[in-house]
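S.K.: So I've got this file, target-v2.txt, and it contains compact mmCIF, C-alpha atoms and all ligand atoms:
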```
# COMPACT_ATOMS: atom_id res chain seq x y z
CA MET M 1 141.36 84.23 138.18
CA LEU M 2 137.82 84.76 139.48
CA ARG M 3 137.79 85.37 143.22
CA SER M 4 135.50 83.20 145.30
CA ALA M 5 133.77 83.75 148.61
CA ILE M 6 133.90 79.99 149.19
CA LYS M 7 136.90 78.81 151.14
CA LYS M 8 138.95 75.71 150.37
CA ARG M 9 137.69 73.97 153.53
CA THR M 10 134.07 74.55 152.45
CA TYR M 11 134.73 72.94 149.08
CA GLU M 12 136.47 70.05 150.85
CA ALA M 13 133.45 69.62 153.15
CA ILE M 14 131.08 69.65 150.16
CA TYR M 15 133.24 67.07 148.37
CA ARG M 16 133.20 64.80 151.45
CA PHE M 17 129.45 65.27 151.83
CA LEU M 18 128.78 64.37 148.19
CA ASP M 19 131.20 61.42 148.35
CA LYS M 20 128.50 59.59 150.29
CA VAL M 21 125.86 59.68 147.55
CA SER M 22 125.38 58.49 143.97
CA PRO M 23 122.61 59.31 141.53
CA VAL M 24 121.51 55.67 141.32
CA PRO M 25 122.36 52.56 143.39
CA TYR M 26 124.26 50.95 140.50
CA ASP M 27 127.08 51.89 138.14
CA CYS M 28 125.24 53.97 135.57
CA GLY M 29 128.47 54.26 133.57
CA ALA M 30 127.92 50.64 132.54
CA LEU M 31 124.71 51.70 130.76
CA CYS M 32 126.37 54.21 128.47
CA GLY M 33 130.11 53.61 128.59
CA ALA M 34 130.48 56.60 130.90
CA ALA M 35 129.31 58.95 128.19
CA CYS M 36 129.43 62.04 130.39
CA CYS M 37 133.15 61.44 130.92
CA GLY M 38 133.62 61.79 127.19
CA THR M 39 134.14 58.14 126.41
CA SER M 40 132.24 54.93 125.84
CA GLU M 41 133.00 51.24 126.20
CA THR M 42 132.99 50.76 122.46
CA GLU M 43 134.97 53.84 121.62
CA PHE M 44 137.34 54.10 124.54
CA THR M 45 140.44 56.02 123.62
CA GLY M 46 141.47 57.31 127.02
CA ASP M 47 141.12 60.84 125.68
CA THR M 48 138.15 63.04 126.45
CA GLY M 49 138.49 64.97 123.20
CA ASP M 50 136.90 68.40 123.46
CA MET M 51 134.85 67.50 126.50
CA GLY M 52 135.97 68.84 129.81
CA ILE M 53 134.79 70.42 133.00
CA TYR M 54 134.71 74.01 134.20
CA LEU M 55 135.67 74.36 137.82
CA LEU M 56 133.58 76.73 139.90
CA PRO M 57 135.27 79.89 141.17
CA GLY M 58 137.65 78.85 143.95
CA GLU M 59 137.21 75.12 143.35
CA ASP M 60 140.77 74.84 142.06
CA ALA M 61 141.94 75.25 145.68
CA VAL M 62 141.06 71.62 146.43
CA HIS M 63 143.15 70.37 143.52
CA ASP M 64 146.88 70.12 143.09
CA ARG M 65 148.03 71.33 139.69
CA ALA M 66 150.78 68.73 139.89
CA ASP M 67 148.23 65.88 139.93
CA ASP M 68 148.74 64.03 136.69
CA TRP M 69 145.14 62.93 136.03
CA LEU M 70 143.91 66.37 134.91
CA ARG M 71 145.00 68.57 132.03
CA TRP M 72 144.47 72.21 132.96
CA SER M 73 143.75 75.23 130.84
CA GLU M 74 142.51 78.74 131.56
CA HIS M 75 139.68 80.37 129.63
CA ASP M 76 138.72 84.01 129.57
CA ALA M 77 135.13 83.90 130.90
CA SER M 78 134.05 86.79 128.66
CA GLU M 79 134.76 84.64 125.59
CA TYR M 80 132.56 81.79 126.77
CA ASP M 81 128.99 81.32 127.93
CA PHE M 82 129.16 82.85 131.41
CA PRO M 83 127.37 85.70 133.21
CA ALA M 84 128.63 89.25 132.67
CA SER M 85 129.85 89.37 136.28
CA TRP M 86 132.35 86.60 135.48
CA ASP M 87 135.12 88.98 134.53
CA GLY M 88 138.35 86.99 134.58
CA LYS M 89 139.81 83.55 133.97
CA VAL M 90 138.11 80.24 134.67
CA TYR M 91 139.77 76.86 134.93
CA PHE M 92 138.82 74.23 132.37
CA VAL M 93 140.05 70.71 133.08
CA LYS M 94 140.11 67.51 131.06
CA CYS M 95 140.49 64.04 132.47
CA LYS M 96 143.45 62.32 130.85
CA ASP M 97 142.38 58.79 131.73
CA ALA M 98 138.56 59.05 131.69
CA PRO M 99 136.47 57.38 132.93
CA ARG M 100 139.10 56.50 135.52
CA CYS M 101 139.72 59.22 138.10
CA PRO M 102 140.27 59.60 141.83
CA ARG M 103 136.63 59.48 142.88
CA ASP M 104 137.11 61.71 145.91
CA LYS M 105 138.54 64.42 143.64
CA ARG M 106 135.75 64.63 141.08
CA PRO M 107 134.72 68.24 140.48
CA ILE M 108 131.31 69.53 141.57
CA GLN M 109 130.04 69.38 138.00
CA CYS M 110 130.54 65.58 137.95
CA ARG M 111 129.10 65.10 141.41
CA THR M 112 125.70 66.69 140.96
CA PHE M 113 125.04 65.63 137.34
CA PRO M 114 122.41 64.83 136.03
CA LEU M 115 120.78 67.36 138.37
CA GLU M 116 121.33 71.08 138.13
CA PRO M 117 120.40 74.01 140.33
CA HIS M 118 117.67 76.32 139.02
CA PHE M 119 115.97 79.49 140.21
CA THR M 120 112.21 79.59 139.67
CA PRO M 121 110.67 82.91 138.53
CA GLU M 122 109.99 83.58 142.24
CA GLY M 123 113.69 83.14 143.03
CA GLU M 124 113.31 79.78 144.78
CA LEU M 125 116.30 77.44 144.43
CA VAL M 126 115.23 74.02 143.14
CA MET M 127 116.94 71.06 141.50
CA VAL M 128 116.00 70.08 137.95
CA ARG M 129 117.17 67.39 135.57
CA CYS M 130 119.85 68.62 133.16
CA ASP M 131 118.07 69.52 129.93
CA TRP M 132 120.83 71.08 127.84
CA ASP M 133 121.52 69.85 124.35
CA LEU M 134 124.36 67.50 125.27
CA PRO M 135 126.81 65.88 122.83
CA TYR M 136 125.90 62.45 124.26
CA SER M 137 122.91 60.56 125.62
CA CYS M 138 122.55 60.06 129.35
CA PRO M 139 120.21 57.19 130.23
CA LEU M 140 119.45 58.84 133.57
CA ILE M 141 118.07 61.85 131.70
CA ASP M 142 116.56 60.27 128.59
CA GLY M 143 115.00 57.41 130.55
CA GLU M 144 114.04 59.71 133.41
CA ALA M 145 115.55 57.14 135.77
CA LYS M 146 114.50 57.24 139.37
CA LEU M 147 117.30 59.01 141.22
CA SER M 148 118.32 58.17 144.74
CA PRO M 149 116.48 60.40 147.28
CA ASP M 150 119.74 60.79 149.24
CA PHE M 151 121.50 62.03 146.13
CA ILE M 152 118.71 64.47 145.28
CA LYS M 153 118.67 65.91 148.78
CA ALA M 154 122.47 66.10 149.08
CA THR M 155 122.91 67.89 145.76
CA GLY M 156 120.28 70.41 146.82
CA THR M 157 122.06 71.02 150.12
CA ALA M 158 125.41 71.41 148.36
CA TRP M 159 124.04 73.98 145.92
CA LYS M 160 122.33 75.88 148.73
CA HIS M 161 125.81 76.45 150.18
CA LEU M 162 127.47 77.10 146.83
CA ILE M 163 125.11 79.90 145.80
CA ARG M 164 126.26 81.92 148.81
CA ASP M 165 129.08 82.91 146.47
CA PRO M 166 127.71 85.82 144.40
CA LEU M 167 129.45 84.58 141.24
CA ILE M 168 127.98 81.11 141.57
CA ARG M 169 124.55 82.61 142.28
CA ASP M 170 124.93 84.68 139.12
CA LEU M 171 125.80 81.53 137.16
CA VAL M 172 122.74 79.67 138.43
CA GLN M 173 120.53 82.66 137.62
CA TYR M 174 122.10 82.97 134.16
CA ASP M 175 121.55 79.28 133.39
CA SER M 176 118.02 79.39 134.79
CA ASP M 177 117.09 82.30 132.53
CA LYS M 178 118.58 80.54 129.51
CA ARG M 179 116.76 77.32 130.36
CA ARG M 180 113.45 79.19 130.68
CA GLU M 181 113.96 80.96 127.36
CA ALA M 182 114.87 77.71 125.60
CA GLY M 183 112.11 75.45 126.86
CA GLY M 184 109.95 77.08 129.49
CA GLU M 185 109.97 76.32 133.17
CA PRO M 186 111.52 72.89 133.83
CA GLU M 187 110.02 70.16 135.98
CA VAL M 188 111.11 70.57 139.59
CA ILE M 189 112.79 67.46 141.00
CA TYR M 190 113.48 68.87 144.45
CA ARG M 191 112.61 72.02 146.39
CA ILE M 192 115.41 73.09 148.68
S1 LIG R 201 125.37 60.17 134.54
FE1 LIG R 201 124.39 59.55 132.61
S2 LIG R 201 125.95 59.79 131.00
FE2 LIG R 201 127.00 59.84 132.99
S3 LIG R 201 127.66 57.72 133.36
FE3 LIG R 201 125.66 57.95 134.36
S4 LIG R 201 124.14 57.32 132.83
FE4 LIG R 201 126.07 57.68 131.74
S1 LIG R 202 136.41 63.61 136.98
FE1 LIG R 202 135.95 61.42 136.76
S2 LIG R 202 133.70 61.37 136.66
FE2 LIG R 202 134.32 63.46 136.16
S3 LIG R 202 134.55 63.54 133.91
FE3 LIG R 202 136.55 63.07 134.80
S4 LIG R 202 136.67 60.85 134.71
FE4 LIG R 202 134.52 61.38 134.53
```
If you took the structure in this file and wrote it as structure tokens, what would it be?

M.R.:
Amino acid sequence: MLRSAIKKRTYEAIYRFLDKVSPVPYDCGALCGAACCGTSETEFTGDTGDMGIYLLPGEDAVHDRADDWLRWSEHDASEYDFPASWDGKVYFVKCKDAPRCPRDKRPIQCRTFPLEPHFTPEGELVMVRCDWDLPYSCPLIDGEAKLSPDFIKATGTAWKHLIRDPLIRDLVQYDSDKRREAGGEPEVIYRI
């Protein structure tokens, strides 16, 4: 498994910090049937299909493998779309009962969506709206919804801490380069 410089207590502190914010001051899942959880109100099956979440290196420490709401698997990072420095296994989890989950246990990927960290060509860490080709539509992205300032600031602060881990920094750099190649420099939502 990939080794992380981020301790369990740091992840726990980041989780608690992000527990206090939401992207918008209403339940955006009602707009789309919680599409990013791999379900929808009209097609709810309780199974997330192929959709799932990669945990960041070391993030598994805040989860108990015995918890019955996640289905765990391990992927060899070299076989998936990760930086070359990611030499080892990564955890991939699926939510068995999506969109229901223990809110205080949501992984980082759920907590900062639809924003993502990005390095500008000058190496500045900024937050941008997720612009990957997703298998669903997110009204907060497509409609360019106004996001809560508290959420924007908190996600930036969280990622500023997370990129202290060299592997996570490599991932953000890798994704930033890919984003630039695919569509040019994205619009900056927040400068950290
Ligand atoms: S973040 Fe987007 S896709 Fe996910 S529940 Fe909210 S509006 Fe839907
Ligand atoms: S952890 Fe919760 S918010 Fe995240 S994908 Fe699973 S059900 Fe959705």

S.K.: Could you name the residues that touch Leu18 (chain M) at 12 Å or less, counting all atoms listed in the file, but leaving out those on the same chain fewer than 2 positions away, as a tab-separated table (two decimals) with C-alpha atoms, keeping the file's coordinate frame?

M.R.:
```
chain	number	residue	atom	x	y	z
M	11	TYR	CA	134.73	72.94	149.08
M	12	GLU	CA	136.47	70.05	150.85
M	13	ALA	CA	133.45	69.62	153.15
M	14	ILE	CA	131.08	69.65	150.16
M	15	TYR	CA	133.24	67.07	148.37
M	16	ARG	CA	133.20	64.80	151.45
M	20	LYS	CA	128.50	59.59	150.29
M	21	VAL	CA	125.86	59.68	147.55
M	22	SER	CA	125.38	58.49	143.97
M	23	PRO	CA	122.61	59.31	141.53
M	103	ARG	CA	136.63	59.48	142.88
M	104	ASP	CA	137.11	61.71	145.91
M	105	LYS	CA	138.54	64.42	143.64
M	106	ARG	CA	135.75	64.63	141.08
M	107	PRO	CA	134.72	68.24	140.48
M	108	ILE	CA	131.31	69.53	141.57
M	109	GLN	CA	130.04	69.38	138.00
M	110	CYS	CA	130.54	65.58	137.95
M	111	ARG	CA	129.10	65.10	141.41
M	112	THR	CA	125.70	66.69	140.96
M	113	PHE	CA	125.04	65.63	137.34
M	150	ASP	CA	119.74	60.79	149.24
M	151	PHE	CA	121.50	62.03	146.13
M	152	ILE	CA	118.71	64.47	145.28
M	153	LYS	CA	118.67	65.91	148.78
M	154	ALA	CA	122.47	66.10	149.08
M	155	THR	CA	122.91	67.89	145.76
M	156	GLY	CA	120.28	70.41	146.82
M	157	THR	CA	122.06	71.02	150.12
M	158	ALA	CA	125.41	71.41	148.36
M	159	TRP	CA	124.04	73.98	145.92
```

S.K.: How many Å separate CA of Arg71 (chain M) from CA of Cys37 (chain M)?

M.R.: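 Rounded to one decimal, the two atoms are 13.9 Å apart.
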
S.K.: Please, which residues have at least one atom within 12 Å of an atom of ligand LIG 202 (chain R), using only C-alpha atoms and all ligand atoms, listed as number ranges by chain?

M.R.: M: 19, 22, 27-29, 33-40, 46-55, 63, 69-71, 92-114

S.K.: Around the point (117.2, 69.0, 126.1) in the file's coordinates, collect all residues with an atom within 10 Å, using all atoms listed in the file, and return them as JSON, numbers by chain.

M.R.: {"M": [129, 130, 131, 132, 133, 134, 141, 142, 179, 182, 183]}

S.K.: Could you put an axis-aligned box around every listed atom of region 149-158 of chain M, padded by 6 Å on each side, and send me its centre and edge lengths in Å to one decimal, as AutoDock Vina command-line options?

M.R.:
```
--center_x 120.9 --center_y 65.9 --center_z 147.7 --size_x 20.9 --size_y 23.0 --size_z 16.8
```

S.K.: Which of these residues is nearest to ligand LIG 201 (chain R), using all atoms listed in the file: M:Ser137, M:Ser73, M:Ser176, M:Ser148?

M.R.: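 Of M:Ser137, M:Ser73, M:Ser176, M:Ser148, the one nearest ligand LIG 201 (chain R), counting all atoms listed in the file, is M:Ser137.
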
S.K.: I need every residue sitting at most 8 Å from the point (131.4, 76.7, 143.8) (coordinates as in the file, all atoms listed in the file considered), written as a CSV table (one decimal) with C-alpha atoms, in the frame of the given file.

M.R.:
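To be explicit, this is the file written out as result_3.csv:
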```csv
chain,number,residue,atom,x,y,z
M,4,SER,CA,135.5,83.2,145.3
M,6,ILE,CA,133.9,80.0,149.2
M,11,TYR,CA,134.7,72.9,149.1
M,55,LEU,CA,135.7,74.4,137.8
M,56,LEU,CA,133.6,76.7,139.9
M,57,PRO,CA,135.3,79.9,141.2
M,58,GLY,CA,137.6,78.8,144.0
M,59,GLU,CA,137.2,75.1,143.4
M,108,ILE,CA,131.3,69.5,141.6
M,162,LEU,CA,127.5,77.1,146.8
M,163,ILE,CA,125.1,79.9,145.8
M,165,ASP,CA,129.1,82.9,146.5
M,168,ILE,CA,128.0,81.1,141.6
```

S.K.: So how far away is CA of Arg169 (chain M) from CA of Asp64 (chain M), in Å?

M.R.: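 Computing it gives 25.6 Å between the two atoms.
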
S.K.: From the options M:Ala84, M:Ala145, M:Ile192, M:Ala77, which residue's atoms come nearest to ligand LIG 201 (chain R), counting all atoms listed in the file?

M.R.: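 For ligand LIG 201 (chain R), the nearest of the candidates is M:Ala145.
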
S.K.: So which one's closest to ligand LIG 201 (chain R), M:Met127, M:Cys138, M:Val90, M:Val188? Using all atoms listed in the file, please.

M.R.: M:Cys138

S.K.: Please, what distance in Å, to one decimal, runs between CA of Asp60 (chain M) and CA of Leu167 (chain M)?

M.R.: 15.0 Å

S.K.: Can you work out which one of M:Asp170, M:Glu122, M:Glu187, M:Glu144 has the shortest atom-to-atom distance to ligand LIG 201 (chain R), counting all atoms listed in the file?

M.R.: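 Of all the options, M:Glu144 lies closest to ligand LIG 201 (chain R).
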